[in-house]
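Below: run.cif (mmCIF, C-alpha atoms)
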data_protein
loop_
_atom_site.label_atom_id
_atom_site.label_comp_id
_atom_site.auth_asym_id
_atom_site.auth_seq_id
_atom_site.Cartn_x
_atom_site.Cartn_y
_atom_site.Cartn_z
CA MET A 5 116.72 95.62 120.04
CA THR A 6 118.45 92.46 118.88
CA GLY A 7 122.10 93.34 118.50
CA LEU A 8 122.14 92.64 114.75
CA SER A 9 124.26 95.21 112.95
CA HIS A 10 122.45 97.68 110.70
CA GLY A 11 125.67 99.15 109.29
CA ALA A 12 126.41 99.18 105.59
CA GLU A 13 129.33 96.81 106.14
CA ALA A 14 129.63 95.80 102.50
CA ALA A 15 128.63 99.02 100.75
CA ALA A 16 131.74 99.18 98.55
CA ARG A 17 131.88 95.45 97.71
CA PRO A 18 130.27 93.86 94.62
CA PRO A 19 126.98 92.20 95.63
CA ALA A 20 127.34 88.58 96.73
CA GLU A 21 125.22 85.96 94.98
CA GLY A 22 124.56 82.23 95.03
CA ALA A 23 126.44 80.12 97.55
CA GLU A 24 128.37 83.13 98.85
CA ALA A 25 125.17 85.04 99.63
CA PHE A 26 123.64 81.95 101.29
CA ALA A 27 126.73 81.52 103.49
CA LEU A 28 126.66 85.17 104.54
CA ALA A 29 122.95 84.93 105.35
CA GLU A 30 123.48 81.75 107.36
CA ALA A 31 126.29 83.41 109.32
CA ARG A 32 123.94 86.26 110.31
CA LEU A 33 121.33 83.67 111.26
CA ALA A 34 123.58 82.63 114.14
CA LEU A 35 122.93 86.01 115.76
CA LEU A 36 119.18 85.52 115.37
CA VAL A 37 119.31 82.02 116.87
CA ALA A 38 121.30 83.23 119.87
CA GLU A 39 118.57 85.71 120.81
CA LEU A 40 115.50 83.51 120.33
CA PRO A 41 113.47 82.26 123.31
CA GLU A 42 114.74 78.86 124.44
CA ASP A 43 111.79 76.93 122.99
CA LEU A 44 112.46 78.22 119.46
CA SER A 45 115.12 77.49 116.86
CA ALA A 46 115.92 78.87 113.42
CA ARG A 47 117.55 77.76 110.20
CA MET A 48 117.76 78.70 106.55
CA LEU A 49 114.95 77.38 104.36
CA THR A 50 115.65 75.66 101.03
CA LEU A 51 113.59 74.33 98.14
CA ALA A 52 113.04 71.16 100.17
CA ASP A 53 110.88 73.28 102.49
CA GLY A 54 108.64 74.48 99.66
CA ASP A 55 105.51 72.54 100.59
CA ARG A 56 105.90 73.39 104.27
CA LEU A 57 106.27 77.11 103.53
CA THR A 58 103.35 77.12 101.08
CA ALA A 59 101.01 75.53 103.63
CA PHE A 60 102.16 77.89 106.38
CA ARG A 61 101.63 80.99 104.24
CA GLN A 62 98.15 79.90 103.19
CA ARG A 63 97.18 79.21 106.80
CA ILE A 64 98.43 82.58 108.07
CA VAL A 65 96.80 84.59 105.27
CA ALA A 66 93.48 82.89 106.07
CA THR A 67 93.65 84.24 109.65
CA LEU A 68 94.10 87.91 108.73
CA ASP A 69 91.46 90.26 110.13
CA ASP A 70 91.71 92.41 107.00
CA PRO A 71 92.37 90.48 103.75
CA ASP A 72 93.99 93.59 102.27
CA HIS A 73 96.86 93.30 104.75
CA TYR A 74 98.39 90.62 102.53
CA ARG A 75 97.22 89.51 99.11
CA MET A 76 99.26 86.97 97.21
CA ALA A 77 97.97 88.58 94.02
CA GLY A 78 100.38 91.41 94.78
CA GLU A 79 103.43 89.14 94.60
CA VAL A 80 105.70 89.09 91.56
CA GLY A 81 106.85 85.77 90.09
CA ASN A 82 106.85 82.43 91.92
CA PHE A 83 107.34 83.28 95.59
CA ILE A 84 108.47 79.82 96.72
CA ALA A 85 110.83 79.12 93.81
CA ASP A 86 112.31 82.60 93.95
CA HIS A 87 112.81 82.95 97.70
CA LEU A 88 113.99 79.40 98.39
CA GLY A 89 116.15 79.31 95.28
CA ALA A 90 118.86 81.43 93.68
CA ARG A 91 116.92 84.69 93.88
CA GLY A 92 116.20 84.74 97.60
CA LEU A 93 117.28 84.05 101.17
CA THR A 94 114.72 82.88 103.71
CA ALA A 95 114.93 82.09 107.42
CA GLY A 96 112.43 79.91 109.26
CA ILE A 97 111.74 79.86 112.99
CA PHE A 98 110.57 76.57 114.48
CA GLN A 99 108.97 75.26 117.66
CA ASP A 100 109.15 71.49 118.18
CA GLY A 101 109.89 71.03 114.50
CA GLU A 102 106.91 73.10 113.33
CA LEU A 103 107.37 76.27 111.30
CA VAL A 104 106.02 79.21 113.32
CA ALA A 105 107.53 82.20 111.47
CA TYR A 106 109.63 83.07 108.46
CA GLY A 107 111.26 86.09 106.87
CA ALA A 108 112.18 86.23 103.18
CA LEU A 109 114.67 88.47 101.39
CA GLY A 110 114.53 88.77 97.60
CA ILE A 111 117.73 89.37 95.61
CA PRO A 112 116.64 90.32 92.07
CA GLY A 113 118.91 89.67 89.12
CA PRO A 114 119.42 91.93 86.08
CA GLU A 115 116.34 90.59 84.26
CA ASP A 116 114.08 90.33 87.31
CA HIS A 117 111.42 92.72 88.55
CA ASN A 118 113.16 95.34 90.69
CA ARG A 119 111.29 97.64 93.09
CA GLY A 120 114.12 100.13 92.71
CA ARG A 121 112.54 101.13 89.41
CA ASP A 122 109.34 102.04 91.25
CA LEU A 123 111.07 104.56 93.54
CA PRO A 124 112.82 105.28 91.11
CA LEU A 125 116.52 104.65 91.75
CA PRO A 126 119.27 105.44 89.24
CA ALA A 127 119.96 102.55 86.86
CA GLU A 128 123.43 102.06 88.31
CA ASP A 129 121.93 101.40 91.75
CA LEU A 130 119.51 98.66 90.65
CA PRO A 131 122.08 95.85 91.18
CA LEU A 132 122.32 97.04 94.79
CA VAL A 133 118.63 96.38 95.55
CA ALA A 134 117.21 93.69 97.82
CA HIS A 135 113.51 93.16 98.48
CA MET A 136 112.25 92.91 102.06
CA SER A 137 109.75 90.28 100.98
CA SER A 138 107.08 88.90 103.25
CA ALA A 139 107.44 87.78 106.84
CA MET A 140 104.68 85.91 108.65
CA VAL A 141 104.30 84.85 112.27
CA ASP A 142 101.90 82.25 113.66
CA PRO A 143 99.21 84.08 115.69
CA ALA A 144 100.13 81.98 118.74
CA MET A 145 103.70 83.34 118.56
CA ARG A 146 102.86 87.03 118.24
CA GLY A 147 104.06 89.37 120.95
CA ARG A 148 107.43 87.60 121.25
CA GLY A 149 109.36 89.98 119.00
CA LEU A 150 109.79 87.52 116.13
CA HIS A 151 108.74 90.00 113.43
CA HIS A 152 111.29 92.54 114.67
CA ARG A 153 114.03 89.91 114.81
CA LEU A 154 113.31 88.79 111.26
CA ILE A 155 113.40 92.40 110.06
CA ASP A 156 116.79 92.89 111.72
CA TRP A 157 118.12 89.65 110.26
CA ARG A 158 117.13 90.65 106.73
CA ILE A 159 118.63 94.13 107.13
CA ALA A 160 121.89 92.57 108.32
CA VAL A 161 121.89 90.13 105.40
CA SER A 162 121.12 92.84 102.86
CA ASP A 163 124.04 94.90 104.16
CA SER A 164 126.40 91.93 104.27
CA ILE A 165 125.74 90.85 100.67
CA GLY A 166 126.28 94.38 99.37
CA ARG A 167 122.66 95.35 98.66
CA ARG A 168 122.45 98.78 100.25
CA HIS A 169 118.94 99.54 98.96
CA LEU A 170 116.19 97.60 100.71
CA LEU A 171 112.62 97.98 99.41
CA THR A 172 109.24 96.46 100.12
CA THR A 173 105.53 97.13 99.66
CA VAL A 174 102.89 97.14 102.40
CA SER A 175 99.15 97.80 102.45
CA PRO A 176 98.50 101.33 103.77
CA ARG A 177 95.88 99.76 106.05
CA ASN A 178 98.44 97.45 107.64
CA HIS A 179 99.89 100.16 109.88
CA ARG A 180 101.26 97.66 112.39
CA SER A 181 103.51 96.17 109.69
CA TRP A 182 104.70 99.39 108.06
CA GLY A 183 105.05 100.94 111.51
CA HIS A 184 107.40 98.13 112.54
CA LEU A 185 109.41 98.54 109.34
CA ALA A 186 109.63 102.32 109.71
CA GLY A 187 111.01 101.78 113.19
CA HIS A 188 113.85 99.84 111.57
CA GLY A 189 114.59 102.53 108.98
CA LEU A 190 112.39 101.37 106.08
CA HIS A 191 110.22 104.41 105.48
CA PRO A 192 107.17 104.66 103.19
CA ARG A 193 108.26 106.89 100.29
CA ARG A 194 105.36 106.79 97.84
CA LEU A 195 102.17 104.99 96.81
CA ILE A 196 102.20 102.53 93.91
CA ARG A 197 99.85 99.97 92.38
CA VAL A 198 100.86 96.31 92.29
CA GLY A 199 99.31 93.06 91.11
CA GLU A 200 95.67 93.54 90.20
CA GLY A 201 95.60 97.27 90.96
CA LEU A 202 96.32 96.95 94.69
CA VAL A 203 97.38 100.22 96.34
CA ARG A 204 100.58 99.78 98.32
CA LEU A 205 103.10 101.90 100.18
CA LEU A 206 106.62 101.58 98.79
CA LEU A 207 109.14 101.50 101.63
CA HIS A 208 112.85 102.16 101.20
CA ARG A 209 116.00 102.00 103.30
CA ASP A 210 119.38 103.15 101.99
CA ALA A 211 122.22 101.85 104.16
CA ALA A 212 124.41 104.73 102.95
CA GLU A 213 121.93 107.43 103.97
CA HIS A 214 122.09 109.29 107.27
CA ALA A 215 118.86 111.20 107.75
CA GLN A 216 116.34 112.35 110.29
CA MET A 217 112.97 114.03 110.07
CA ASP A 218 112.81 117.80 109.68
CA ARG A 219 110.47 118.51 112.58
CA ALA A 220 109.43 121.83 111.05
CA THR A 221 107.66 119.87 108.27
CA ALA A 222 105.98 117.24 110.48
CA LEU A 223 102.28 116.51 110.17
CA LEU A 224 99.97 113.74 111.39
CA VAL A 225 97.67 111.99 108.93
CA PRO A 226 95.03 109.40 109.93
CA VAL A 227 96.25 106.02 108.70
CA ASP A 228 92.89 105.29 107.09
CA GLU A 229 93.47 108.24 104.74
CA LEU A 230 96.91 107.16 103.48
CA ALA A 231 95.71 105.12 100.50
CA ALA A 232 94.20 108.23 98.90
CA ARG A 233 96.99 110.65 99.80
CA GLY A 234 99.72 110.18 97.24
CA ASP A 235 100.29 113.93 97.50
CA LEU A 236 101.79 113.45 100.96
CA PHE A 237 105.00 112.22 99.37
CA ASP A 238 105.54 115.29 97.19
CA GLY A 239 108.71 117.25 97.81
CA GLY A 240 110.62 114.38 99.39
CA ASN A 241 108.26 113.66 102.27
CA ARG A 242 108.26 110.20 103.82
CA VAL A 243 106.42 108.43 106.63
CA TRP A 244 108.61 108.14 109.72
CA GLY A 245 106.32 106.03 111.87
CA ARG A 246 102.88 105.73 113.39
CA VAL A 247 101.53 107.60 116.41
CA PRO A 248 98.63 106.42 118.61
CA GLU A 249 95.86 108.84 119.47
CA GLY A 250 96.23 109.67 123.14
CA GLY A 251 99.80 108.41 123.19
CA ASP A 252 99.10 104.92 124.58
CA PRO A 253 99.49 102.11 122.00
CA ALA A 254 97.73 99.63 124.30
CA THR A 255 94.45 101.56 124.35
CA ALA A 256 94.56 103.52 121.08
CA THR A 257 91.65 103.04 118.70
CA ARG A 258 92.98 105.54 116.16
CA TRP A 259 96.45 105.84 114.67
CA TYR A 260 98.24 108.51 112.67
CA ALA A 261 101.11 108.43 110.19
CA LEU A 262 103.92 110.84 111.06
CA VAL A 263 104.91 112.50 107.78
CA GLY A 264 107.77 114.90 107.12
CA ARG A 265 110.79 115.71 104.99
CA ALA A 266 114.22 114.21 105.53
CA ILE A 267 117.32 116.18 106.37
CA GLN A 268 120.75 114.65 106.04
CA THR A 269 122.85 114.20 109.16
CA ALA A 270 126.46 113.35 109.87
CA PRO A 271 127.58 109.76 109.12
CA GLY A 272 127.25 107.51 112.11
CA ARG A 273 123.97 108.99 113.31
CA PRO A 274 121.03 106.60 112.84
CA GLN A 275 117.92 107.42 110.87
CA THR A 276 115.36 108.77 113.32
CA ALA A 277 111.88 107.25 113.29
CA ALA A 278 108.82 107.67 115.46
CA ALA A 279 107.59 105.01 117.85
#
Do you think you could lay out the structure here as structure tokens?
Amino acid sequence: MTGLSHGAEAAARPPAEGAEAFALAEARLALLVAELPEDLSARMLTLADGDRLTAFRQRIVATLDDPDHYRMAGEVGNFIADHLGARGLTAGIFQDGELVAYGALGIPGPEDHNRGRDLPLPAEDLPLVAHMSSAMVDPAMRGRGLHHRLIDWRIAVSDSIGRRHLLTTVSPRNHRSWGHLAGHGLHPRRLIRVGEGLVRLLLHRDAAEHAQMDRATALLVPVDELAARGDLFDGGNRVWGRVPEGGDPATATRWYALVGRAIQTAPGRPQTAAA
């Protein structure tokens, strides 16, 4: 959609950190800026933006139709200090100097919480993990593709800094969000509990994997049943996307998760996800 590369361009390189990681992220930001609508701009956020980002996040969370879609109680550590400091990379999108969207990527260190353990990944792969942390868009800016652009930017950054494993957690009820992410290759792989017992889907993308859904194993599950269906992920199943009842997203009142097993494909073929 945006022209940002999703290739594992740094898969064999030691993960970049600190100033090197920031420079690589800023370089990828140039691609994001070039594709924004003319009235918007973007830049990297730093600790100097902490108060601005805190206020924006609180305002957006207060507008959610379903409070379960995002609960700050599910976050690990200090979100602002971590994602605007040495353990994160965050882009902000602005209109007339006002923050209207952001996307944050977490880069855990050896002693930090690592979602790779929740999957679980082998211990040797944990240094190759990045967290697709939260992204929020001002309600007035929705429908302009900003969420998708921020997903693509973070995927490109994760690849460029040598973090081939990208993980995040999403409320099973927030099917718009996990549906967007699945469309970019981050597929729900299991259910976990975070924070104060919150049930969340754990999504994972491996830049070195080349897979598509085995259509012989496909089944549709109502999205409102996902939170109680940990069994769906047995045997290597994952969620490939969401499907509207009747086929028309504009009029659908009921949505389904498309679940199935993965089969490996030849390198160079993209991971296949549903609309």
Contact residues around Ala25 in chain A with only C-alpha atoms at 9 Å, ignoring same-chain residues under 4 positions, as a VMD selection string: chain A and resid 19 to 21 29 to 30 93 161 164 to 165
- prompt: Taking (109.7, 102.4, 97.0) in the file's coordinates as the center, which residues reach within 7 Å of it, counting only C-alpha atoms, put as an NGL selection string?
  reply: :A and (119-120 or 122-123 or 171-172 or 193-194 or 206-208)
- request: Take the PyMOL selection byres ((chain A and resi 243) around 6), apply it to the structure above, and return the hits as a PyMOL selection string.
  value: chain A and resi 191-192+242+244-245+262-263
query: What is the CA of Phe60 in chain A-CA of Asp86 in chain A distance in Å, reported with one decimal?
result: 16.7 Å
- prompt: If the PyMOL selection byres ((chain A and resi 127-130) around 12) is run on the structure shown, which residues does it catch, given as a ChimeraX atom specification?
  reply: /A:15,18-19,111-126,131-135,166-171,210,212
message: So that I can check the surroundings of Thr67 in chain A, please list as a PyMOL selection string every protein, DNA and RNA residue that reaches within 12 Å of it, counting only C-alpha atoms and ignoring chain neighbours fewer than 4 positions away.
response: chain A and resi 60-63+71-74+140-144
For the residues selected in the previous step, produce a file with C-alpha atoms as a short mmCIF file (atom, residue, chain, number, x, y, z; two decimals), in the coordinates of the input.
data_model
loop_
_atom_site.label_atom_id
_atom_site.label_comp_id
_atom_site.auth_asym_id
_atom_site.auth_seq_id
_atom_site.Cartn_x
_atom_site.Cartn_y
_atom_site.Cartn_z
CA PHE A 60 102.16 77.89 106.38
CA ARG A 61 101.63 80.99 104.24
CA GLN A 62 98.15 79.90 103.19
CA ARG A 63 97.18 79.21 106.80
CA PRO A 71 92.37 90.48 103.75
CA ASP A 72 93.99 93.59 102.27
CA HIS A 73 96.86 93.30 104.75
CA TYR A 74 98.39 90.62 102.53
CA MET A 140 104.68 85.91 108.65
CA VAL A 141 104.30 84.85 112.27
CA ASP A 142 101.90 82.25 113.66
CA PRO A 143 99.21 84.08 115.69
CA ALA A 144 100.13 81.98 118.74
#
query: Which residues come within 8 Å of range 152-155 of chain A, counting only C-alpha atoms, excluding same-chain residues fewer than 3 positions away, as a list in words?
result: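 The filter keeps Thr6, Leu36, Ala95, Tyr106, Gly107, Ala139, Gly149, Arg158, Ile159, His184, Leu185 and His188 of chain A.
CA of Gly264 in chain A sits 9.5 Å away from CA of Gln216 in chain A.
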message: For a quick check of understanding, using all atoms listed in the file, which of A:Ala254, A:Ala52, A:Ala59, A:Val227 has the smallest distance to Ala85 in chain A?
response: A:Ala52
field: Separation of CA of Ile97 in chain A from CA of Ser45 in chain A in Å
entry: 5.7 Å
Some atoms are absent from range 166-190 of chain A, so rebuild N, CA and C atoms and return them as a compact mmCIF listing (two decimals), keeping the file's coordinate frame.
# COMPACT_ATOMS: atom_id res chain seq x y z
N GLY A 166 125.99 93.23 100.21
CA GLY A 166 126.28 94.38 99.37
C GLY A 166 125.08 94.99 98.68
N ARG A 167 123.88 94.76 99.23
CA ARG A 167 122.66 95.35 98.66
C ARG A 167 122.20 96.48 99.58
N ARG A 168 122.69 97.67 99.32
CA ARG A 168 122.45 98.78 100.25
C ARG A 168 121.02 99.30 100.21
N HIS A 169 120.32 99.08 99.09
CA HIS A 169 118.94 99.54 98.96
C HIS A 169 117.98 98.39 99.29
N LEU A 170 117.16 98.61 100.29
CA LEU A 170 116.19 97.60 100.71
C LEU A 170 114.80 98.17 100.51
N LEU A 171 113.96 97.48 99.73
CA LEU A 171 112.62 97.98 99.41
C LEU A 171 111.57 96.91 99.67
N THR A 172 110.37 97.36 99.97
CA THR A 172 109.24 96.46 100.12
C THR A 172 107.95 97.23 99.91
N THR A 173 106.85 96.51 99.77
CA THR A 173 105.53 97.13 99.66
C THR A 173 104.64 96.60 100.77
N VAL A 174 103.79 97.49 101.29
CA VAL A 174 102.89 97.14 102.40
C VAL A 174 101.55 97.84 102.16
N SER A 175 100.47 97.17 102.51
CA SER A 175 99.15 97.80 102.45
C SER A 175 99.12 99.02 103.37
N PRO A 176 98.62 100.16 102.89
CA PRO A 176 98.50 101.33 103.77
C PRO A 176 97.67 101.04 105.01
N ARG A 177 96.74 100.09 104.91
CA ARG A 177 95.88 99.76 106.05
C ARG A 177 96.60 98.92 107.10
N ASN A 178 97.70 98.30 106.72
CA ASN A 178 98.44 97.45 107.64
C ASN A 178 99.48 98.29 108.40
N HIS A 179 98.98 99.21 109.23
CA HIS A 179 99.89 100.16 109.88
C HIS A 179 100.78 99.50 110.91
N ARG A 180 100.37 98.36 111.46
CA ARG A 180 101.26 97.66 112.39
C ARG A 180 102.53 97.21 111.67
N SER A 181 102.36 96.67 110.45
CA SER A 181 103.51 96.17 109.69
C SER A 181 104.40 97.31 109.23
N TRP A 182 103.81 98.33 108.54
CA TRP A 182 104.70 99.39 108.06
C TRP A 182 105.24 100.23 109.20
N GLY A 183 104.52 100.26 110.34
CA GLY A 183 105.05 100.94 111.51
C GLY A 183 106.28 100.24 112.06
N HIS A 184 106.23 98.89 112.12
CA HIS A 184 107.40 98.13 112.54
C HIS A 184 108.59 98.40 111.62
N LEU A 185 108.33 98.35 110.31
CA LEU A 185 109.41 98.54 109.34
C LEU A 185 109.99 99.94 109.42
N ALA A 186 109.13 100.95 109.58
CA ALA A 186 109.63 102.32 109.71
C ALA A 186 110.53 102.46 110.93
N GLY A 187 110.19 101.75 112.00
CA GLY A 187 111.01 101.78 113.19
C GLY A 187 112.39 101.20 112.98
N HIS A 188 112.56 100.42 111.91
CA HIS A 188 113.85 99.84 111.57
C HIS A 188 114.51 100.58 110.40
N GLY A 189 113.96 101.72 110.02
CA GLY A 189 114.59 102.53 108.98
C GLY A 189 114.06 102.33 107.58
N LEU A 190 113.04 101.49 107.39
CA LEU A 190 112.39 101.37 106.08
C LEU A 190 111.16 102.27 106.08
